[in-house]
file input.cif (mmCIF, C-alpha atoms)
data_query
loop_
_atom_site.label_atom_id
_atom_site.label_comp_id
_atom_site.auth_asym_id
_atom_site.auth_seq_id
_atom_site.Cartn_x
_atom_site.Cartn_y
_atom_site.Cartn_z
CA MET A 216 -14.98 47.86 1.41
CA LYS A 217 -11.54 48.90 0.17
CA SER A 218 -9.90 47.64 3.35
CA VAL A 219 -11.66 44.24 3.07
CA LEU A 220 -10.55 43.93 -0.55
CA LYS A 221 -7.02 44.99 0.38
CA HIS A 222 -6.95 42.44 3.22
CA CYS A 223 -8.20 39.66 0.89
CA LEU A 224 -5.54 40.52 -1.67
CA LEU A 225 -2.83 40.45 1.00
CA VAL A 226 -4.02 37.07 2.30
CA PHE A 227 -4.26 35.70 -1.25
CA GLY A 228 -0.73 36.97 -1.99
CA ALA A 229 0.61 35.35 1.17
CA LEU A 230 -1.06 32.06 0.22
CA LEU A 231 0.54 32.19 -3.23
CA VAL A 232 3.96 32.81 -1.71
CA ALA A 233 3.45 29.94 0.75
CA ALA A 234 2.29 27.59 -2.01
CA ALA A 235 5.29 28.48 -4.17
CA SER A 236 7.72 27.85 -1.33
CA ILE A 237 6.12 24.47 -0.54
CA ARG A 238 6.40 23.47 -4.21
CA SER A 239 10.03 24.62 -4.32
CA ALA A 240 10.87 22.66 -1.19
CA ALA A 241 9.19 19.54 -2.57
CA ALA A 242 11.03 19.92 -5.86
CA MET A 243 14.33 20.09 -3.98
CA GLU A 244 13.87 16.74 -2.20
CA LEU A 245 16.41 14.29 -3.56
CA THR A 246 16.79 10.53 -3.47
CA ARG A 247 20.32 9.15 -3.48
CA VAL A 248 20.62 6.25 -5.91
CA TYR A 249 23.38 3.69 -5.23
CA TYR A 250 24.46 1.75 -8.29
CA PRO A 251 24.32 -1.23 -8.57
CA THR A 252 23.36 -1.58 -4.88
CA GLU A 253 24.19 0.25 -1.67
CA ALA A 254 26.22 -2.76 -0.46
CA ASP A 255 28.24 -2.98 -3.72
CA MET A 256 28.21 0.71 -4.62
CA ALA A 257 30.21 1.75 -7.66
CA PHE A 258 28.71 5.26 -7.85
CA THR A 259 25.83 7.40 -6.62
CA VAL A 260 23.63 10.10 -8.12
CA ASP A 261 21.04 12.32 -6.45
CA VAL A 262 17.69 12.33 -8.26
CA PRO A 263 14.65 14.54 -7.60
CA SER A 264 12.35 12.42 -5.43
CA HIS A 265 9.27 13.18 -7.54
CA TRP A 266 10.83 11.61 -10.65
CA GLU A 267 9.97 8.03 -11.59
CA MET A 268 12.83 5.63 -10.89
CA THR A 269 13.14 2.11 -12.30
CA PRO A 270 15.91 -0.05 -10.80
CA GLN A 271 17.98 -2.19 -13.12
CA GLU A 272 16.79 -5.75 -13.74
CA SER A 273 20.30 -7.19 -13.54
CA LYS A 274 23.59 -6.21 -11.94
CA SER A 275 24.81 -4.78 -15.27
CA GLY A 276 21.49 -3.32 -16.43
CA PHE A 277 20.47 0.31 -16.69
CA PHE A 278 18.93 2.13 -13.72
CA GLU A 279 16.40 4.42 -15.41
CA VAL A 280 14.98 7.74 -14.30
CA GLU A 281 12.13 9.63 -15.94
CA GLY A 282 11.45 13.27 -15.21
CA PRO A 283 8.87 15.73 -16.51
CA PHE A 284 8.13 16.01 -20.25
CA GLY A 285 9.69 12.65 -21.09
CA LEU A 286 13.13 13.51 -19.74
CA GLU A 287 15.13 10.29 -19.43
CA LEU A 288 18.38 9.43 -17.68
CA SER A 289 19.92 5.95 -17.57
CA PHE A 290 22.94 4.74 -15.59
CA ARG A 291 24.94 1.49 -15.55
CA LEU A 292 28.36 -0.08 -15.29
CA VAL A 293 29.86 -0.95 -18.67
CA PRO A 294 30.07 -4.75 -18.90
CA GLY A 295 33.74 -5.78 -19.00
CA GLY A 296 34.78 -2.11 -19.05
CA ASP A 297 34.66 -2.14 -22.88
CA VAL A 298 34.05 1.54 -23.65
CA LYS A 299 34.48 1.14 -27.42
CA THR A 300 31.66 -1.44 -27.59
CA ALA A 301 29.53 0.65 -25.21
CA ILE A 302 29.86 3.69 -27.50
CA GLU A 303 29.06 1.60 -30.59
CA ASP A 304 26.00 0.13 -28.84
CA HIS A 305 24.88 3.62 -27.81
CA VAL A 306 25.11 4.94 -31.38
CA LYS A 307 23.16 1.90 -32.66
CA TYR A 308 20.48 2.48 -30.02
CA LEU A 309 20.12 6.15 -31.01
CA ASN A 310 19.85 5.31 -34.72
CA LYS A 311 17.23 2.64 -33.97
CA HIS A 312 15.02 4.79 -31.70
CA PHE A 313 15.47 8.31 -33.10
CA THR A 314 15.59 9.91 -36.53
CA GLU A 315 17.78 12.76 -37.78
CA VAL A 316 20.47 11.74 -35.30
CA THR A 317 23.55 13.93 -35.21
CA ILE A 318 26.47 13.15 -32.96
CA ALA A 319 29.22 15.62 -32.16
CA ASP A 320 32.83 14.74 -31.42
CA ALA A 321 33.54 13.14 -28.07
CA GLU A 322 34.67 15.62 -25.42
CA PRO A 323 36.99 14.73 -22.52
CA LYS A 324 35.62 16.05 -19.22
CA SER A 325 36.07 15.73 -15.49
CA VAL A 326 33.01 15.09 -13.33
CA ASN A 327 33.72 15.46 -9.61
CA GLY A 328 37.28 14.27 -10.18
CA LEU A 329 36.29 11.34 -12.40
CA GLU A 330 37.82 11.23 -15.88
CA ALA A 331 35.01 11.13 -18.42
CA VAL A 332 34.24 11.23 -22.12
CA VAL A 333 31.00 12.91 -23.21
CA LEU A 334 29.27 12.31 -26.54
CA PRO A 335 26.66 15.03 -27.23
CA GLY A 336 24.02 14.71 -29.91
CA THR A 337 20.51 15.50 -31.09
CA GLY A 338 17.67 13.58 -32.71
CA VAL A 339 13.92 13.43 -33.24
CA ASP A 340 11.80 11.02 -31.19
CA GLU A 341 8.82 8.93 -32.36
CA PHE A 342 6.45 11.83 -31.59
CA GLY A 343 8.38 14.27 -33.79
CA SER A 344 9.94 16.16 -30.87
CA ASP A 345 13.48 17.44 -31.15
CA ARG A 346 15.61 15.91 -28.40
CA GLU A 347 18.98 16.70 -26.92
CA LEU A 348 20.76 13.37 -26.56
CA GLY A 349 23.92 12.73 -24.69
CA ALA A 350 26.02 10.00 -23.21
CA GLY A 351 29.07 9.81 -21.05
CA TRP A 352 31.48 7.21 -19.80
CA PHE A 353 33.42 7.81 -16.61
CA LYS A 354 36.30 5.97 -14.96
CA LEU A 355 35.59 5.02 -11.36
CA PRO A 356 38.31 4.92 -8.66
CA ASP A 357 38.26 1.09 -8.63
CA GLY A 358 38.89 0.96 -12.40
CA ARG A 359 35.33 0.11 -13.46
CA ILE A 360 33.64 2.24 -16.10
CA GLY A 361 30.26 3.85 -15.53
CA GLU A 362 27.89 5.01 -18.24
CA VAL A 363 25.11 7.56 -18.33
CA TRP A 364 22.87 8.62 -21.16
CA TYR A 365 20.07 11.15 -21.32
CA SER A 366 17.33 12.42 -23.59
CA VAL A 367 15.51 15.71 -23.01
CA ASP A 368 13.14 17.79 -25.16
CA VAL A 369 15.15 20.73 -26.53
CA THR A 370 12.43 23.16 -25.37
CA ASP A 371 12.49 21.85 -21.77
CA LYS A 372 15.04 24.24 -20.26
CA ALA A 373 14.00 23.46 -16.67
CA GLY A 374 14.25 19.70 -17.26
CA ARG A 375 17.66 20.11 -18.86
CA ALA A 376 18.87 22.12 -15.87
CA GLU A 377 17.56 19.47 -13.44
CA ALA A 378 19.18 16.68 -15.48
CA LEU A 379 22.50 18.52 -15.38
CA GLU A 380 22.20 18.82 -11.59
CA VAL A 381 21.68 15.04 -11.40
CA LEU A 382 24.75 14.50 -13.57
CA LYS A 383 26.78 16.93 -11.42
CA SER A 384 25.83 14.88 -8.34
CA LEU A 385 27.65 11.82 -9.70
CA ARG A 386 30.13 10.43 -7.18
CA GLY A 387 32.39 7.40 -7.52
CA ASN A 388 33.04 4.96 -4.69
#
call {"tool": "encode", "arguments": {"input": "input.cif", "output": "structure tokens"}}
result
Amino acid sequence: MKSVLKHCLLVFGALLVAAASIRSAAAMELTRVYYPTEADMAFTVDVPSHWEMTPQESKSGFFEVEGPFGLELSFRLVPGGDVKTAIEDHVKYLNKHFTEVTIADAEPKSVNGLEAVVLPGTGVDEFGSDRELGAGWFKLPDGRIGEVWYSVDVTDKAGRAEALEVLKSLRGN
């Protein structure tokens, strides 16, 4: 009886390991997003394939990505390259859709060789959840300006890590 029980436990353990590795492999599948289109690519990002992706409605619209627990990422080209207006519009959007918004000072960064400015912040969404909010504007090799913004629940450490991997995958044309 002990050997049958031991055998069942070993088989069950092997099944758990196999299931975990299948889930990990599935979670690692990525979809490359070309913005605004593959033919007129300004930049690309690699997004987990199991996330919901909504293409932009116009050439200058936001390409939106939604991950687990309401994680949101949005990408676009800044119309006319007007970063000042884009930042002002972003702050207005945050104040309209979130409460208790705090915005830190802008931070200059480099993302895969692209000059960028990052604007970190926090706020509370309509459900009362604390959110980490952030936006960034990056100069592309052809002179155009790209924009990304994200919102993630502050308790969603895994989602935040995945979102950062998406942001690290950013590549200019």
call {"tool": "residues_around", "arguments": {"input": "input.cif", "residues": "A:Pro251", "least_positions_apart": "5", "cutoff": "8 Å", "atoms": "all atoms listed in the file", "output": "list in words"}}
result
Met256, Ala257, Phe258, Gln271, Lys274, Ser275, Arg291 and Leu292 of chain A
call {"tool": "closest_residue", "arguments": {"input": "input.cif", "among": "A:Asp304, A:Glu330, A:Glu272, A:Glu253", "to": "A:Pro356", "atoms": "all atoms listed in the file"}}
result
A:Glu330
call {"tool": "residues_around", "arguments": {"input": "input.cif", "residues": "A:Tyr308", "least_positions_apart": "6", "cutoff": "12 Å", "atoms": "only C-alpha atoms", "output": "ChimeraX atom specification"}}
result
/A:301-302,314,316,338,348,350,364
call {"tool": "residues_around", "arguments": {"input": "input.cif", "residues": "A:Ala373", "least_positions_apart": "3", "cutoff": "12 Å", "atoms": "all atoms listed in the file", "output": "list in words"}}
result
Ala242, Gly282, Pro283, Phe284, Leu286, Val367, Asp368, Val369, Thr370, Ala376, Glu377, Ala378, Leu379 and Glu380 of chain A
call {"tool": "write_last_selection", "arguments": {"input": "input.cif", "atoms": "C-alpha atoms", "output": "compact mmCIF listing (two decimals), keeping the file's coordinate frame"}}
result
# COMPACT_ATOMS: atom_id res chain seq x y z
CA ALA A 242 11.03 19.92 -5.86
CA GLY A 282 11.45 13.27 -15.21
CA PRO A 283 8.87 15.73 -16.51
CA PHE A 284 8.13 16.01 -20.25
CA LEU A 286 13.13 13.51 -19.74
CA VAL A 367 15.51 15.71 -23.01
CA ASP A 368 13.14 17.79 -25.16
CA VAL A 369 15.15 20.73 -26.53
CA THR A 370 12.43 23.16 -25.37
CA ALA A 376 18.87 22.12 -15.87
CA GLU A 377 17.56 19.47 -13.44
CA ALA A 378 19.18 16.68 -15.48
CA LEU A 379 22.50 18.52 -15.38
CA GLU A 380 22.20 18.82 -11.59
call {"tool": "resolve_selection", "arguments": {"input": "input.cif", "expression": "the PyMOL selection byres ((chain A and resi 259) around 7)", "output": "list in words"}}
result
Arg247, Val248, Tyr249, Tyr250, Phe258, Val260, Asp261, Leu385, Arg386 and Gly387 of chain A
call {"tool": "atom_distance", "arguments": {"input": "input.cif", "atom1": "atom CA of A:Val339", "atom2": "atom CA of A:Lys324"}}
result
26.0 Å
call {"tool": "resolve_selection", "arguments": {"input": "input.cif", "expression": "the PyMOL selection byres ((chain A and resi 297) around 12)", "output": "list in words"}}
result
Leu292, Val293, Pro294, Gly295, Gly296, Val298, Lys299, Thr300, Ala301, Ile302, Glu303, Asp304, Trp352, Phe353, Lys354, Gly358, Arg359, Ile360, Gly361 and Glu362 of chain A
call {"tool": "closest_residue", "arguments": {"input": "input.cif", "among": "A:Phe313, A:Asp357, A:Ile318, A:Phe277", "to": "A:Asp345", "atoms": "only C-alpha atoms"}}
result
A:Phe313
call {"tool": "closest_residue", "arguments": {"input": "input.cif", "among": "A:Ala254, A:Val363, A:Ala321, A:Leu329", "to": "A:Glu287", "atoms": "only C-alpha atoms"}}
result
A:Val363
call {"tool": "closest_residue", "arguments": {"input": "input.cif", "among": "A:Val326, A:Thr252, A:Val332, A:Val381", "to": "A:Ser264", "atoms": "all atoms listed in the file"}}
result
A:Val381
call {"tool": "closest_residue", "arguments": {"input": "input.cif", "among": "A:Glu347, A:Asp255, A:Ser366, A:Glu315", "to": "A:Glu279", "atoms": "all atoms listed in the file"}}
result
A:Ser366
call {"tool": "build_atoms", "arguments": {"input": "input.cif", "residues": "stretch 339-366 of chain A", "atoms": "N, CA and C atoms", "output": "compact mmCIF listing (two decimals), keeping the file's coordinate frame"}}
result
# COMPACT_ATOMS: atom_id res chain seq x y z
N VAL A 339 15.37 13.22 -33.28
CA VAL A 339 13.92 13.43 -33.24
C VAL A 339 13.29 12.13 -32.76
N ASP A 340 12.42 12.23 -31.73
CA ASP A 340 11.80 11.02 -31.19
C ASP A 340 10.59 10.59 -32.03
N GLU A 341 9.94 9.50 -31.60
CA GLU A 341 8.82 8.93 -32.36
C GLU A 341 7.61 9.85 -32.42
N PHE A 342 7.56 10.88 -31.59
CA PHE A 342 6.45 11.83 -31.59
C PHE A 342 6.78 13.08 -32.40
N GLY A 343 7.98 13.12 -32.99
CA GLY A 343 8.38 14.27 -33.79
C GLY A 343 9.01 15.39 -32.98
N SER A 344 9.33 15.13 -31.72
CA SER A 344 9.94 16.16 -30.87
C SER A 344 11.45 16.13 -31.00
N ASP A 345 12.03 17.32 -31.12
CA ASP A 345 13.48 17.44 -31.15
C ASP A 345 14.02 17.15 -29.75
N ARG A 346 15.04 16.32 -29.67
CA ARG A 346 15.61 15.91 -28.40
C ARG A 346 17.10 16.23 -28.35
N GLU A 347 17.56 16.64 -27.19
CA GLU A 347 18.98 16.70 -26.92
C GLU A 347 19.34 15.32 -26.37
N LEU A 348 20.34 14.70 -26.96
CA LEU A 348 20.76 13.37 -26.56
C LEU A 348 22.21 13.45 -26.10
N GLY A 349 22.54 12.71 -25.13
CA GLY A 349 23.92 12.73 -24.69
C GLY A 349 24.26 11.45 -23.96
N ALA A 350 25.53 11.16 -23.94
CA ALA A 350 26.02 10.00 -23.21
C ALA A 350 27.39 10.32 -22.67
N GLY A 351 27.75 9.63 -21.61
CA GLY A 351 29.07 9.81 -21.05
C GLY A 351 29.55 8.53 -20.40
N TRP A 352 30.84 8.36 -20.42
CA TRP A 352 31.48 7.21 -19.80
C TRP A 352 32.53 7.75 -18.85
N PHE A 353 32.54 7.25 -17.62
CA PHE A 353 33.42 7.81 -16.61
C PHE A 353 34.17 6.69 -15.89
N LYS A 354 35.44 6.96 -15.62
CA LYS A 354 36.30 5.97 -14.96
C LYS A 354 36.15 6.12 -13.45
N LEU A 355 35.78 5.03 -12.80
CA LEU A 355 35.59 5.02 -11.36
C LEU A 355 36.91 4.73 -10.65
N PRO A 356 37.05 5.13 -9.38
CA PRO A 356 38.31 4.92 -8.66
C PRO A 356 38.78 3.47 -8.64
N ASP A 357 37.86 2.51 -8.67
CA ASP A 357 38.26 1.09 -8.63
C ASP A 357 38.56 0.52 -10.02
N GLY A 358 38.55 1.40 -11.05
CA GLY A 358 38.89 0.96 -12.40
C GLY A 358 37.69 0.61 -13.27
N ARG A 359 36.52 0.40 -12.66
CA ARG A 359 35.33 0.11 -13.46
C ARG A 359 34.91 1.36 -14.23
N ILE A 360 34.11 1.14 -15.26
CA ILE A 360 33.64 2.24 -16.10
C ILE A 360 32.13 2.36 -15.93
N GLY A 361 31.68 3.56 -15.62
CA GLY A 361 30.26 3.85 -15.53
C GLY A 361 29.78 4.51 -16.80
N GLU A 362 28.49 4.42 -17.05
CA GLU A 362 27.89 5.01 -18.24
C GLU A 362 26.61 5.72 -17.85
N VAL A 363 26.37 6.84 -18.48
CA VAL A 363 25.11 7.56 -18.33
C VAL A 363 24.67 8.03 -19.71
N TRP A 364 23.38 7.99 -19.94
CA TRP A 364 22.87 8.62 -21.16
C TRP A 364 21.59 9.35 -20.81
N TYR A 365 21.28 10.38 -21.59
CA TYR A 365 20.07 11.15 -21.32
C TYR A 365 19.42 11.60 -22.62
N SER A 366 18.13 11.89 -22.50
CA SER A 366 17.33 12.42 -23.59
C SER A 366 16.38 13.44 -22.98
